[in-house]
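What follows is a set of notes on a single structure, which appears directly below.
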Amino acid sequence: MSVRTRFAPSPTGFLHVGGLRTALYNYLLARQQFGTYILRIEDTDRERFVPGAVESLLRMFERVNLLPDEGPRLADGIVTQTGDVGPYVQSERLPIYAEYAKQLLGAGAAYACFCSSERLDGLRKQQEIAKLSTKYDRHCLNLPAEEVLRRLAVNEPHVLRLRVPEGETSFRDEIRGTITINNAEVDDQVLMKSDGFPTYHMAVVVDDHLMKITHVIRGEEWISSTPKHVILYRLFGWDAPLFAHLPLLLNPDKSKLSKRQGDVAVEDYLAKGYLPEALVNFVALLGFNPKADQEIYAIDELIELFDLTKINKSGAVFDQAKLNWMNGQYIMRKTATELVALVRPFLDAAGKTVDAALLEKICTIEKTRMERLTDIVAIVDAYVSVPTFDPAILVWKKADAADSRANLVGIRDHLSTVDETVWSEIAMVESSIKAYIEAKGLSNGNVLWPTRVALSGRAASPSPFELAWALGKDETMRRLASAIVEI
RNA sequence: GGCCCCAUCGUCUAAUGGUUAGGACACGGGCUUUUCAAGCCUGUAACGGGAGUUCGACUCUCCCUGGGGUCACCA
């Protein structure tokens with residue numbers, strides 16, 4: 001049997017980083033086993049309907065390179081669906097759920113409930129006060145059959161509830177082992193709502209079965225409702241898929257990762273200048289680690305090394321500092337040309353125009369200093385226009401103003417005689433300057449420090465060789481001259 | 001509160017009865033060096049507690065404690 005996994009989000013309009021990890025693990029397993037990775041939209045709550053949510057979700061999957069094999073996809077901006085077991089949007093599957101609901105009803109495995117939400121609320125309150133577990137009291141299960149038929153006949157609003165059988169339910173979780181719960185703890189869950197829509201519990205079981213899902217990989221928050229699903233599989237006479245409940249992603253205070261304590265949407269991270277690959281790499285390692293001593297993994301390595309049984313059981317704090325480091329690693333590994341393309345949208349958004357050739361040079365010499373793509377916005381300023389700075393920083397700690405000034409004059413005079421072709425390579429600029437220093441019997445610090453500051457306007461920056469190379473001869477001479485006046 | 005899940009450095013984790021408890025981020029020191037970054041070397045830092053089982057427990061069992069999740073006509 002070939003592996004079929006699925007990611008089944010509700011279309012809230014954004015992709016949570018926890019959802020990204022869930023989708024990723026589903027994807028990894030499917031790829032590794034040469035199986036199929038499916039996307040299904042769980043939009044059975046009409047009150048939560050967000051227009052355009054599926055489109056933006058798909059666009060996000062496109063950016064993180066996790067597009068599904070089956071399910072909704074974007075073609076020229078229009079949502080279409082591919083696959084043999086569709087539709088993949090639950091709101092388009094209503095007749096299917098109705099049919100299976102009828103089957104359950106006929107078998108006595110489910111029953112109609114006419115209770116008002118007021119009565120249910122009251123019941124819950126009473127149970128809370130009495131410190132009992134809050135469960136439906138089966139009031140409508142005891143209604144006379146004739147009465148039920150009569151009320152159904154006049155279309156009285158009602159829901160369909162699962163009649164939880166006596167006994168115990170246990171299931172094997174690939175990550176945690178066997179989990180058992182007494183059915184007495186399981187509520188007579190609503191399966192079909194009064195508006196004719198199924199609840200999650202009904203839809204997920206019917207769809208996973210019909211879509212031949214072999215592995216249900218989802219968040220830990222679903223563990224407590226899994227017994228309901230297992231009971232349903234049994235009532236339908238179906239084999240349940242394998243379950244794997246992923247540990248939660250946590251805030252620094254160990255609570256469930258929430259918007260309140262920082263960004264949770266993948267979109268937010270991309271907007272802040274994190275690379276999709278870095279985010280995927282980072283999130284992959286939250287709860288799982290393929291090798292003991294490696295941090296950076298290409299997607300193909302993750303596919304190869306992924307192992308459900310190696311996933312951790314305890315929740316993982318989402319550590320921004322480590323994400324920053326990882327993102328920096330990915331930025332460093334980009335070529336300057338790649339980086340230019342990645343960084344461009346951020347410059348555009350900031351309203352900054354930079355010459356393409358100059359930007360590529362800036363990326364070349366600054367990429368080891370960048371943690372996020374947005375860093376480029378501040379970096380670029382010093383190259384595009386002559387920065388203003390306190391002339392005092394032109395003076396090296398081991399020298400004085402007069403010495404620094406003399407060395408600036410010296411280097412300016414030297415460079416003015418140097419042919420412009422020297423500026424074609426960093427190494428050539430470097431050897432020219434170093435040769436000058438040596439010929440004059442000067443020391444590196446006395447010359448290099450003021451030169452570097454004159455070119456960058458910063459106490460900390462790339463080397464003067466790199467700066468001169470990036471700036472070009474004209475601008476280099478201009479900045480040196482200006483610094484000589486200032487000091 | 002009931003039920004369920006979980007428990008190694010501050011954080012992400014390795015270890016599957018025998019290790020000086022390893023790696024990574026962060027933090028500190030050093031090397032390199034004109035500065036910063038990168039890189040390299042290095043330091044501080046963990047098995048929640050108590051009983052067992054065993055020649056021997058981070059590893060197995062139980063209890064306690066702590067943390068988390070879940071208790072909707074939301075997913």
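In the structure tokens, each chain is lettered A, B, ... as it comes, each chain's residues begin at 1, and ligands are numbered from 1 in order of appearance.
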
Could you go through region 215-285 of chain A and tell me which residues DSSP, when run on the backbone, assigns to helix (DSSP H, G or I), listing them as number ranges by chain? A: 220-236, 259-261, 266-271, 276-284

12 Å contact set for region 22-24 of chain B, only C-alpha atoms (C1' of nucleotides), chain neighbours under 4 positions out, as JSON, numbers by chain: {"A": [282, 285, 289, 291, 292, 293, 294, 295, 296, 321, 322, 323, 325, 326], "B": [8, 9, 11, 12, 13, 14, 15]}

Residue neighbourhood Ser116 (chain A), 9 Å, only C-alpha atoms (C1' of nucleotides), exclusion window fewer than 3 positions, as a PyMOL selection string: chain A and resi 113+119-121+157-158

Near region 3-11 of chain A, 10 Å: region 73-156 of chain A residue rows, closest pairs, only C-alpha atoms, as JSON lines:
```
{"residue": "A:Tyr88", "atom": "CA", "partner": "A:Ala8", "partner_atom": "CA", "distance": 9.5}
{"residue": "A:Val89", "atom": "CA", "partner": "A:Ala8", "partner_atom": "CA", "distance": 9.6}
{"residue": "A:Gln90", "atom": "CA", "partner": "A:Ser10", "partner_atom": "CA", "distance": 9.8}
```

Print the selection's residues with C-alpha atoms to a file, as a PDB file, in the first residue's frame.
```pdb
ATOM      1  CA  TYR A  88     -10.565  18.301  -1.668  1.00  0.00           C
ATOM      2  CA  VAL A  89     -12.571  21.084  -0.125  1.00  0.00           C
ATOM      3  CA  GLN A  90     -14.932  19.872   2.560  1.00  0.00           C
TER       4      GLN A  90
END
```

Compute the set of chain A residues within 6 Å of chain B, using only C-alpha atoms (C1' of nucleotides), and express it as a PyMOL selection string. chain A and resi 131+133+193+221+224+292-293+314+322+368-369+445+448-449+460-461

Enumerate the residues of region 128-167 of chain A with a DSSP assignment of strand (DSSP E or B), computed from the backbone, and present them as a ChimeraX atom specification. /A:159-162
